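One file, coords-v2.cif, is given below (mmCIF, C-alpha atoms).
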```
data_query
#
loop_
_atom_site.label_atom_id
_atom_site.label_comp_id
_atom_site.auth_asym_id
_atom_site.auth_seq_id
_atom_site.Cartn_x
_atom_site.Cartn_y
_atom_site.Cartn_z
CA MET T 1 92.34 75.96 218.29
CA THR T 2 90.28 73.41 220.18
CA LEU T 3 90.94 72.14 223.70
CA PHE T 4 90.07 68.48 224.17
CA ILE T 5 90.03 67.77 227.89
CA PHE T 6 89.54 64.39 229.54
CA PRO T 7 89.51 63.36 233.21
CA HIS T 8 92.17 60.67 232.61
CA LYS T 9 94.28 59.09 229.89
CA LEU T 10 91.90 56.10 229.63
CA GLU T 11 89.05 58.31 228.41
CA ARG T 12 91.30 59.88 225.80
CA ASP T 13 92.48 56.49 224.60
CA LEU T 14 88.89 55.20 224.32
CA PHE T 15 87.86 58.32 222.41
CA LEU T 16 90.71 57.90 219.90
CA LYS T 17 89.96 54.19 219.56
CA TYR T 18 86.36 55.03 218.74
CA LEU T 19 87.48 57.48 216.06
CA LYS T 20 89.64 54.78 214.49
CA ASP T 21 86.84 52.20 214.70
CA VAL T 22 84.38 54.44 212.85
CA LYS T 23 86.98 55.00 210.12
CA LEU T 24 87.34 58.73 210.54
CA PRO T 25 90.51 60.09 208.95
CA ILE T 26 93.28 60.19 211.51
CA LYS T 27 96.67 61.49 210.41
CA GLY T 28 98.71 59.23 212.69
CA ALA T 29 98.92 57.37 215.94
CA ASP T 30 99.87 60.46 217.93
CA PRO T 31 96.71 61.84 219.55
CA LEU T 32 98.07 65.36 219.17
CA GLU T 33 97.76 64.99 215.37
CA PHE T 34 93.96 64.57 215.27
CA PRO T 35 92.36 66.97 215.27
CA GLU T 36 94.57 69.97 215.71
CA GLY T 37 94.29 71.24 219.20
CA VAL T 38 95.42 70.79 222.76
CA TYR T 39 94.82 67.46 224.51
CA ALA T 40 94.83 67.66 228.30
CA PHE T 41 93.86 65.74 231.40
CA SER T 42 92.06 67.40 234.28
CA GLY T 43 91.72 64.75 236.94
CA GLN T 44 88.45 63.62 238.48
CA GLY T 45 85.54 65.96 239.14
CA LYS T 46 83.69 68.89 237.60
CA VAL T 47 85.47 71.53 239.68
CA GLN T 48 88.87 70.08 238.82
CA MET T 49 87.97 70.12 235.13
CA ALA T 50 86.74 73.72 235.33
CA LEU T 51 90.00 74.80 236.97
CA ALA T 52 92.05 72.96 234.35
CA VAL T 53 90.07 74.54 231.50
CA GLN T 54 90.54 78.00 232.97
CA ALA T 55 94.29 77.51 233.37
CA LEU T 56 94.70 76.09 229.86
CA CYS T 57 92.66 78.89 228.27
CA GLN T 58 94.97 81.40 229.97
CA LYS T 59 98.07 79.50 228.83
CA TYR T 60 96.80 79.06 225.24
CA PRO T 61 94.85 82.22 224.34
CA SER T 62 94.20 80.86 220.83
CA ILE T 63 91.74 78.28 222.25
CA GLU T 64 88.32 79.02 220.75
CA ASN T 65 86.47 75.78 221.54
CA VAL T 66 86.48 73.45 224.53
CA LEU T 67 85.30 69.84 224.38
CA CYS T 68 85.03 68.10 227.74
CA LEU T 69 84.98 64.37 227.01
CA GLY T 70 84.77 61.29 229.18
CA THR T 71 82.88 62.89 232.02
CA ALA T 72 79.27 63.14 233.12
CA ALA T 73 77.66 65.98 235.02
#
```

Please rewrite the model in this file as structure tokens.
Amino acid sequence: MTLFIFPHKLERDLFLKYLKDVKLPIKGADPLEFPEGVYAFSGQGKVQMALAVQALCQKYPSIENVLCLGTAA
């Protein structure tokens, strides 16, 4: 399973809009349907995102990949 983590909902919405605009196959309007995985929000900041990733990886041990989107280091 893949964890898709964004600082805020706006970044997730922009990411999904981009996927629709480039005509990638999306199963439905629900962001949880494309691709299969866990969508989460961390809040602002690198440390906050790291803490959120750690907590989610403990909660969902089947997570194999983590994509941090909508943030810059």

Interatomic distance between CA of Leu56 (chain T) and CA of Val22 (chain T)?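 These two atoms are separated by 29.4 Å.
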
TODO: For region 40-46 of chain T, list every protein, DNA or RNA residue within 9 Å, evaluated using all atoms listed in the file, and leave out those in the same chain fewer than 5 positions away; present the list as a list in words.
DONE: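 The contact residues come out as Leu3, Phe4, Ile5, Phe6, Pro7, His8, Lys9, Arg12, Leu51, Ala52, Val53, Leu56, Thr71, Ala72 and Ala73 of chain T.
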
The distance between CA of Asp13 (chain T) and CA of Val66 (chain T) is 18.0 Å

In Å, how far is it from CA of Lys17 (chain T) to CA of Ile63 (chain T)?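 Going from CA of Lys17 (chain T) over to CA of Ile63 (chain T), I get 24.3 Å.
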
For Leu67 (chain T), which residue out of T:Val47, T:Leu16, T:Leu10, T:Val38 is the nearest one, using all atoms listed in the file?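 Checking each of T:Val47, T:Leu16, T:Leu10, T:Val38 against Leu67 (chain T), counting all atoms listed in the file, the winner is T:Val38.
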
Chain and number of each residue from the PyMOL selection byres ((chain T and resi 62) around 10), as a PDB file with C-alpha atoms, in the frame of the given file:
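In the end it all went to result34.pdb:
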```pdb
ATOM      1  CA  MET T   1      92.340  75.960 218.290  1.00  0.00           C
ATOM      2  CA  THR T   2      90.280  73.410 220.180  1.00  0.00           C
ATOM      3  CA  LEU T   3      90.940  72.140 223.700  1.00  0.00           C
ATOM      4  CA  GLY T  37      94.290  71.240 219.200  1.00  0.00           C
ATOM      5  CA  CYS T  57      92.660  78.890 228.270  1.00  0.00           C
ATOM      6  CA  GLN T  58      94.970  81.400 229.970  1.00  0.00           C
ATOM      7  CA  LYS T  59      98.070  79.500 228.830  1.00  0.00           C
ATOM      8  CA  TYR T  60      96.800  79.060 225.240  1.00  0.00           C
ATOM      9  CA  PRO T  61      94.850  82.220 224.340  1.00  0.00           C
ATOM     10  CA  ILE T  63      91.740  78.280 222.250  1.00  0.00           C
ATOM     11  CA  GLU T  64      88.320  79.020 220.750  1.00  0.00           C
ATOM     12  CA  ASN T  65      86.470  75.780 221.540  1.00  0.00           C
TER      13      ASN T  65
END
```

Hey, could you pull the box centre and edge lengths for region 58-65 of chain T, axis-aligned, 5 Å padding per side, all listed atoms, to one decimal in Å, as JSON?
```
{"center_x": 92.3, "center_y": 79.0, "center_z": 225.4, "size_x": 21.6, "size_y": 16.4, "size_z": 19.2}
```
